[in-house]
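J.: Input structure: data-v4.txt, which contains compact mmCIF, C-alpha atoms.
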```txt
# COMPACT_ATOMS: atom_id res chain seq x y z
CA MET A 1 133.26 52.97 150.23
CA THR A 2 131.80 50.76 152.97
CA THR A 3 133.19 51.35 156.45
CA VAL A 4 132.88 48.70 159.15
CA SER A 5 133.04 50.05 162.70
CA SER A 6 133.65 47.81 165.67
CA THR A 7 135.12 47.59 169.17
CA LEU A 8 137.95 45.43 170.47
CA ARG A 9 138.13 44.71 174.18
CA VAL A 10 141.68 44.71 175.57
CA SER A 11 142.70 44.17 179.19
CA ASP A 12 142.17 47.76 180.32
CA ALA A 13 140.18 49.51 177.57
CA ARG A 14 137.67 49.20 174.74
CA LEU A 15 139.17 50.26 171.41
CA HIS A 16 136.96 51.72 168.71
CA PHE A 17 138.25 50.99 165.22
CA GLU A 18 137.11 51.26 161.62
CA VAL A 19 138.05 49.23 158.55
CA ARG A 20 137.45 50.17 154.92
CA GLY A 21 138.70 48.94 151.56
CA GLN A 22 140.50 45.77 150.52
CA GLY A 23 144.13 44.93 149.90
CA PRO A 24 147.40 45.26 151.84
CA LEU A 25 146.83 46.65 155.33
CA VAL A 26 147.52 50.32 156.06
CA VAL A 27 147.04 51.72 159.56
CA LEU A 28 146.46 55.46 160.09
CA VAL A 29 146.80 56.68 163.65
CA GLY A 30 147.14 59.86 165.66
CA ALA A 31 147.43 60.75 169.34
CA PRO A 32 145.25 62.38 170.43
CA MET A 33 143.62 62.67 166.98
CA ASP A 34 140.86 60.12 166.54
CA ALA A 35 139.69 58.07 163.56
CA GLN A 36 137.45 60.86 162.28
CA ALA A 37 140.45 63.09 161.52
CA PHE A 38 141.81 60.45 159.14
CA GLU A 39 138.55 59.73 157.28
CA PRO A 40 139.30 61.75 154.10
CA LEU A 41 142.77 60.19 153.75
CA ALA A 42 141.43 56.73 154.60
CA GLU A 43 138.74 56.98 151.90
CA LEU A 44 141.38 57.83 149.30
CA LEU A 45 143.73 55.03 150.33
CA ALA A 46 140.96 52.44 150.57
CA ALA A 47 141.06 52.16 146.78
CA GLY A 48 143.61 49.37 146.78
CA HIS A 49 144.23 48.92 150.52
CA THR A 50 142.54 47.72 153.67
CA VAL A 51 142.68 50.81 155.87
CA LEU A 52 142.45 50.59 159.66
CA THR A 53 141.77 53.71 161.74
CA THR A 54 141.13 53.94 165.47
CA ASP A 55 140.39 56.25 168.36
CA PRO A 56 143.45 55.93 170.61
CA ARG A 57 142.88 54.76 174.17
CA GLY A 58 141.03 57.24 176.35
CA ILE A 59 139.91 59.37 173.40
CA ARG A 60 136.34 59.70 172.12
CA ARG A 61 134.93 56.19 171.56
CA SER A 62 137.82 54.25 173.17
CA PRO A 63 137.23 54.47 176.94
CA VAL A 64 139.78 53.18 179.41
CA ASP A 65 138.80 51.33 182.57
CA ASP A 66 140.83 53.70 184.75
CA PRO A 67 140.45 57.35 183.63
CA ARG A 68 143.53 58.21 185.71
CA GLN A 69 145.75 55.96 183.61
CA ASP A 70 148.40 57.75 181.54
CA SER A 71 148.52 57.12 177.80
CA THR A 72 152.07 56.20 176.75
CA PRO A 73 153.51 55.24 173.35
CA PRO A 74 154.21 51.64 174.52
CA LEU A 75 150.61 51.23 175.70
CA ARG A 76 149.24 52.61 172.44
CA ALA A 77 151.67 50.39 170.50
CA ARG A 78 150.30 47.36 172.34
CA ASP A 79 146.80 48.42 171.32
CA LEU A 80 147.85 48.75 167.68
CA ALA A 81 149.47 45.32 167.74
CA ARG A 82 146.25 43.82 169.09
CA LEU A 83 144.15 45.62 166.47
CA ILE A 84 146.40 44.50 163.60
CA GLU A 85 146.23 40.93 164.91
CA HIS A 86 142.44 41.16 165.25
CA VAL A 87 141.88 42.53 161.73
CA ASP A 88 144.07 39.69 160.43
CA ALA A 89 145.21 41.44 157.26
CA GLY A 90 148.78 42.27 158.28
CA PRO A 91 151.60 42.79 158.60
CA ALA A 92 150.77 46.44 158.09
CA VAL A 93 152.28 49.67 156.93
CA ALA A 94 151.47 52.07 159.78
CA LEU A 95 151.38 55.84 159.33
CA GLY A 96 151.40 57.74 162.61
CA SER A 97 151.14 61.50 162.91
CA SER A 98 152.39 63.61 165.84
CA GLY A 99 151.81 61.57 169.01
CA GLY A 100 150.69 58.76 166.72
CA ALA A 101 154.17 58.81 165.18
CA CYS A 102 155.52 57.97 168.64
CA SER A 103 152.96 55.16 168.81
CA VAL A 104 154.10 53.56 165.55
CA LEU A 105 157.78 53.89 166.49
CA ALA A 106 157.00 52.07 169.74
CA LEU A 107 155.06 49.50 167.68
CA ALA A 108 158.08 48.82 165.45
CA GLN A 109 160.29 48.64 168.54
CA ALA A 110 158.17 46.20 170.56
CA HIS A 111 156.07 44.38 167.95
CA PRO A 112 158.06 44.41 164.67
CA GLU A 113 156.32 41.27 163.45
CA ARG A 114 153.10 43.29 163.07
CA VAL A 115 154.48 45.94 160.70
CA ARG A 116 156.38 45.82 157.43
CA ALA A 117 157.05 49.53 157.68
CA VAL A 118 156.13 52.53 159.78
CA VAL A 119 155.93 56.12 158.63
CA ALA A 120 156.55 58.40 161.62
CA HIS A 121 155.21 61.79 160.53
CA GLU A 122 156.53 64.57 162.78
CA PRO A 123 156.91 62.83 166.17
CA PRO A 124 157.31 65.38 169.02
CA LEU A 125 160.34 63.64 170.53
CA ILE A 126 161.64 66.26 172.95
CA GLU A 127 164.06 63.75 174.48
CA LEU A 128 166.15 63.72 171.29
CA LEU A 129 166.80 67.48 171.35
CA ASP A 130 169.71 69.31 172.98
CA ASP A 131 167.35 71.80 174.65
CA ARG A 132 165.25 69.03 176.22
CA ASP A 133 165.58 70.37 179.77
CA GLU A 134 164.13 73.74 178.77
CA LEU A 135 161.39 72.01 176.81
CA HIS A 136 160.55 69.79 179.79
CA LYS A 137 160.05 72.86 181.95
CA GLY A 138 157.93 74.51 179.27
CA THR A 139 155.76 71.42 178.90
CA ASP A 140 155.18 71.14 182.64
CA ASP A 141 154.32 74.86 182.75
CA LEU A 142 151.78 74.76 179.92
CA ILE A 143 150.12 71.67 181.40
CA ALA A 144 149.84 73.45 184.75
CA THR A 145 148.40 76.50 182.98
CA TYR A 146 145.71 74.35 181.37
CA LEU A 147 144.83 72.53 184.58
CA ASP A 148 144.55 75.91 186.34
CA GLY A 149 141.76 76.77 183.87
CA ASP A 150 143.56 79.04 181.38
CA VAL A 151 142.79 77.10 178.20
CA ILE A 152 143.77 79.77 175.67
CA GLY A 153 146.89 80.64 177.68
CA ALA A 154 147.96 76.99 177.70
CA TRP A 155 147.45 76.63 173.98
CA GLY A 156 149.38 79.85 173.42
CA LYS A 157 152.33 78.43 175.36
CA PHE A 158 152.03 75.16 173.47
CA MET A 159 152.12 76.87 170.07
CA ALA A 160 155.02 79.06 171.13
CA GLN A 161 157.06 76.07 172.30
CA ALA A 162 156.20 74.16 169.12
CA ASN A 163 157.15 77.27 167.09
CA ILE A 164 153.84 77.07 165.23
CA GLN A 165 152.79 80.51 164.01
CA LEU A 166 149.07 81.29 163.97
CA PRO A 167 147.32 84.50 162.86
CA PRO A 168 146.06 86.90 165.57
CA GLY A 169 142.82 85.74 167.14
CA ALA A 170 143.17 82.14 165.91
CA LEU A 171 143.49 80.64 169.39
CA GLU A 172 140.40 82.48 170.61
CA GLN A 173 138.46 81.25 167.60
CA MET A 174 139.68 77.65 168.01
CA PHE A 175 139.46 77.27 171.78
CA GLY A 176 137.15 80.03 173.05
CA GLY A 177 133.36 80.30 173.36
CA GLU A 178 130.99 77.34 173.37
CA ARG A 179 132.78 74.08 172.66
CA ASP A 180 131.80 70.45 172.15
CA PRO A 181 131.92 68.81 175.62
CA GLU A 182 133.31 65.58 174.19
CA ARG A 183 136.17 67.42 172.50
CA VAL A 184 136.86 69.34 175.71
CA ALA A 185 137.01 66.07 177.65
CA ASP A 186 139.47 64.61 175.13
CA GLU A 187 141.53 67.80 175.28
CA ARG A 188 141.71 67.70 179.06
CA ARG A 189 142.74 64.05 179.03
CA TRP A 190 145.50 64.89 176.53
CA PHE A 191 146.89 67.67 178.69
CA GLU A 192 146.53 65.70 181.92
CA HIS A 193 147.45 62.15 180.90
CA GLU A 194 149.04 62.05 177.44
CA LEU A 195 151.05 65.12 176.38
CA ARG A 196 153.87 64.72 178.88
CA GLU A 197 154.04 60.92 178.55
CA THR A 198 154.26 61.16 174.75
CA THR A 199 156.76 63.98 174.35
CA PHE A 200 159.05 62.73 177.14
CA TRP A 201 159.21 59.21 175.67
CA LYS A 202 162.57 58.29 174.12
CA PRO A 203 162.72 55.65 171.40
CA ASP A 204 165.47 53.03 171.44
CA LEU A 205 167.31 54.03 168.28
CA ALA A 206 169.60 51.01 168.37
CA ALA A 207 166.59 48.69 168.55
CA LEU A 208 164.86 50.51 165.70
CA ARG A 209 167.99 50.29 163.55
CA SER A 210 168.10 46.53 164.12
CA VAL A 211 164.51 45.59 163.24
CA GLU A 212 163.53 44.37 159.80
CA THR A 213 160.63 46.82 159.81
CA ARG A 214 161.43 49.75 157.56
CA ILE A 215 161.32 53.11 159.34
CA VAL A 216 160.34 56.20 157.32
CA VAL A 217 160.55 59.62 158.96
CA GLY A 218 158.07 62.11 157.48
CA ILE A 219 158.21 65.90 157.74
CA GLY A 220 155.74 68.48 156.48
CA GLU A 221 157.08 70.73 153.75
CA ALA A 222 155.66 73.74 155.61
CA SER A 223 157.02 72.75 159.03
CA GLY A 224 160.52 74.16 158.73
CA GLY A 225 161.91 75.30 162.09
CA GLU A 226 159.06 73.90 164.15
CA LEU A 227 159.78 71.65 167.13
CA CYS A 228 158.54 68.51 165.36
CA ASP A 229 160.63 69.34 162.29
CA ARG A 230 163.73 69.55 164.50
CA ALA A 231 162.91 66.35 166.38
CA SER A 232 162.14 64.45 163.17
CA ARG A 233 165.46 65.44 161.61
CA VAL A 234 167.38 64.31 164.71
CA LEU A 235 165.42 61.03 164.65
CA ALA A 236 166.22 60.47 160.98
CA GLY A 237 169.90 61.15 161.64
CA GLY A 238 169.92 58.71 164.55
CA LEU A 239 168.35 56.03 162.35
CA GLY A 240 170.64 56.75 159.40
CA VAL A 241 167.79 57.56 157.00
CA GLU A 242 166.84 60.60 154.95
CA PRO A 243 163.55 62.22 155.99
CA VAL A 244 160.72 62.22 153.46
CA LEU A 245 158.85 65.47 152.86
CA PHE A 246 155.05 65.41 152.77
CA PRO A 247 152.70 68.17 151.59
CA GLY A 248 151.51 70.70 154.15
CA GLY A 249 152.50 71.20 157.75
CA HIS A 250 152.18 69.25 160.97
CA ILE A 251 148.71 67.96 160.07
CA GLY A 252 149.10 68.03 156.30
CA PHE A 253 146.90 64.96 155.91
CA THR A 254 143.91 67.06 157.06
CA GLU A 255 144.89 70.19 155.12
CA ASP A 256 145.08 68.50 151.70
CA PRO A 257 144.28 64.78 151.95
CA ALA A 258 144.53 64.26 148.18
CA ALA A 259 148.06 65.64 147.93
CA PHE A 260 149.10 63.78 151.06
CA ALA A 261 147.68 60.52 149.66
CA VAL A 262 149.69 60.92 146.46
CA ARG A 263 152.92 61.29 148.44
CA PHE A 264 152.03 58.43 150.76
CA ARG A 265 151.33 56.15 147.79
CA GLU A 266 154.78 57.01 146.44
CA VAL A 267 156.24 55.92 149.77
CA LEU A 268 154.17 52.73 149.69
CA ASP A 269 155.55 51.96 146.23
CA THR A 270 159.10 51.98 147.66
CA ILE A 271 158.03 49.57 150.40
CA ASN A 272 156.03 47.03 148.38
```
Spell out the structure here as structure tokens.
T.:
Amino acid sequence: MTTVSSTLRVSDARLHFEVRGQGPLVVLVGAPMDAQAFEPLAELLAAGHTVLTTDPRGIRRSPVDDPRQDSTPPLRARDLARLIEHVDAGPAVALGSSGGACSVLALAQAHPERVRAVVAHEPPLIELLDDRDELHKGTDDLIATYLDGDVIGAWGKFMAQANIQLPPGALEQMFGGERDPERVADERRWFEHELRETTFWKPDLAALRSVETRIVVGIGEASGGELCDRASRVLAGGLGVEPVLFPGGHIGFTEDPAAFAVRFREVLDTIN
């Protein structure tokens, strides 16, 4: 499958994006996950769809003019709207995972003309939860831990707050030793300028209920009890929709792209 890579200049950033396939437009987006993380899923979906992937602003190949600028869901939604307009194959069905789920919700909220439907897969919407004040404090603490230089300690606090269980030694293996400098730079930007702004963002549920864009809330089958599972269920309840289960956990699209693609195609069939 041929992939066309390009860059779109917006007012305050240069956005790297990739397009593959032909057919109705599907957008796959994360935050902070970049386009590379979605490649296996994109290749599968490109049989029958035009698939747009992108590095979100400030990550990898999408530099921002001001490195001190925070990355918020509304800013990333504006970027997605510009990319969809530029590709000129929309309106799109946009699948966002984790922070990218916040991005596509903000896209439906502010630019509904650009999307027929959004699939918000496990958005970390702390603001919707009853224990938000405790979670705010925990988020500020783990960010401070990271910025103080304790990378593994910060990730440990993050996983604990997210209620994601990892085997002993996993954090050391994932985040210890020699690491890719580019990935470390993206990680630092996420902790410093994106994590808080994404998780503290609160969608306008009344606005989302009123748009013609269909909103699908996705949850990983293996995510039961995790923070994003809880937030997604509260979101679905606030929108008056039933959540849709997808294979795997929080990043099920990377764990088993083929199974995830099958489920996503089933969702697309209900939209088309």
J.: Would you kindly return, as a list in words, each protein, DNA or RNA residue with an atom no farther than 10 Å from any atom of segment 145-148 of chain A, considering all atoms listed in the file and excluding same-chain residues fewer than 5 positions away?
T.: Thr139, Asp140, Gly153, Ala154, Trp155, Lys157, Glu187, Arg188, Phe191 and Glu192 of chain A
J.: Tell me, as a list of chain:residue names, which residues lie within 10 Å of His111 of chain A, counting all atoms listed in the file; anything in the same chain fewer than 6 positions away does not count.
T.: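 Selected residues are A:Pro74, A:Ala77, A:Arg78, A:Leu80, A:Ala81, A:Arg82, A:Val104, A:Leu105, A:Val211, A:Thr213.
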J.: Write to file, as a short mmCIF file (atom, residue, chain, number, x, y, z; two decimals), in the frame of the given file, the residues of the selection just made, with C-alpha atoms.
T.:
```cif
data_model
loop_
_atom_site.label_atom_id
_atom_site.label_comp_id
_atom_site.auth_asym_id
_atom_site.auth_seq_id
_atom_site.Cartn_x
_atom_site.Cartn_y
_atom_site.Cartn_z
CA PRO A 74 154.21 51.64 174.52
CA ALA A 77 151.67 50.39 170.50
CA ARG A 78 150.30 47.36 172.34
CA LEU A 80 147.85 48.75 167.68
CA ALA A 81 149.47 45.32 167.74
CA ARG A 82 146.25 43.82 169.09
CA VAL A 104 154.10 53.56 165.55
CA LEU A 105 157.78 53.89 166.49
CA VAL A 211 164.51 45.59 163.24
CA THR A 213 160.63 46.82 159.81
#
```
J.: Measuring between all atoms listed in the file, which one of A:Ala31, A:Val64, A:Ala94, A:Ile126 shows the shortest distance to Trp201 of chain A?
T.: A:Ile126
J.: For a quick check of understanding, using only C-alpha atoms, which of A:Ser11, A:Gln22, A:Ser62, A:Ser97 has the smallest distance to Asp186 of chain A?
T.: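 Of the candidates, the smallest distance to Asp186 of chain A is held by A:Ser62.
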J.: Using only C-alpha atoms, which protein or nucleic acid residues come within 9 Å of segment 235-241 of chain A? Drop anything in the same chain fewer than 6 positions from it, and give the result as a VMD selection string.
T.: chain A and resid 123 125 128 205 to 206 208 to 209 215 to 217
J.: Return the single residue from A:Leu25, A:Gln69, A:Ala42, A:Ala120 that is closest to Ala89 of chain A, with distances computed using only C-alpha atoms.
T.: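 Nearest candidate to Ala89 of chain A out of A:Leu25, A:Gln69, A:Ala42, A:Ala120: A:Leu25.
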J.: Can you tell me which residues surround Arg68 of chain A at a distance of at most 10 Å, considering only C-alpha atoms, apart from same-chain residues fewer than 6 positions away, and format the answer as a list in words?
T.: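 Near Arg68 of chain A, the qualifying residues are Gly58, Arg189, Glu192 and His193 of chain A.
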J.: Could you pull the residues within 6 Å of segment 45-55 of chain A, counting all atoms listed in the file, minus those fewer than 6 positions along the same chain, as a PyMOL selection string?
T.: chain A and resi 16-28+34-35+62
J.: Would you compute the distance between atom CA of Leu44 of chain A and atom CA of Thr254 of chain A? Give it in Å to one decimal.
T.: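 According to the coordinates, atom CA of Leu44 of chain A and atom CA of Thr254 of chain A are separated by 12.3 Å.
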J.: Choose the residue, out of A:Leu41, A:Lys202, A:Arg116, A:Arg230, that has the smallest atom-to-atom separation from Val262 of chain A; count all atoms listed in the file.
T.: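 Using all atoms listed in the file, the shortest distance to Val262 of chain A belongs to A:Leu41.
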J.: For Ala231 of chain A, which residue out of A:Ala144, A:Leu107, A:Leu129, A:Ile164 is the nearest one, using all atoms listed in the file?
T.: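 Using all atoms listed in the file, the shortest distance to Ala231 of chain A belongs to A:Leu129.
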J.: Please compute the atom CA of Gly177 of chain A-atom CA of Ala160 of chain A distance, one decimal, in Å.
T.: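 Between atom CA of Gly177 of chain A and atom CA of Ala160 of chain A the gap is 21.8 Å.
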J.: Would you work out the distance separating atom CA of Pro181 of chain A from atom CA of Pro167 of chain A, expressed in Å to one decimal?
T.: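 These two atoms are separated by 25.4 Å.
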J.: In terms of the shortest atom-to-atom distance over only C-alpha atoms, which of A:Pro32, A:Gly224, A:Gly218, A:Pro63 is closest to Phe264 of chain A?
T.: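 Selected residue with least distance to Phe264 of chain A: A:Gly218.
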J.: For segment 106-113 of chain A, what centre and edge lengths in Å (one decimal) does the axis-aligned box get once 4 Å is added on each side of all its listed atoms, as AutoDock Vina command-line options?
T.:
```
--center_x 157.7 --center_y 46.7 --center_z 167.0 --size_x 13.2 --size_y 18.8 --size_z 15.1
```
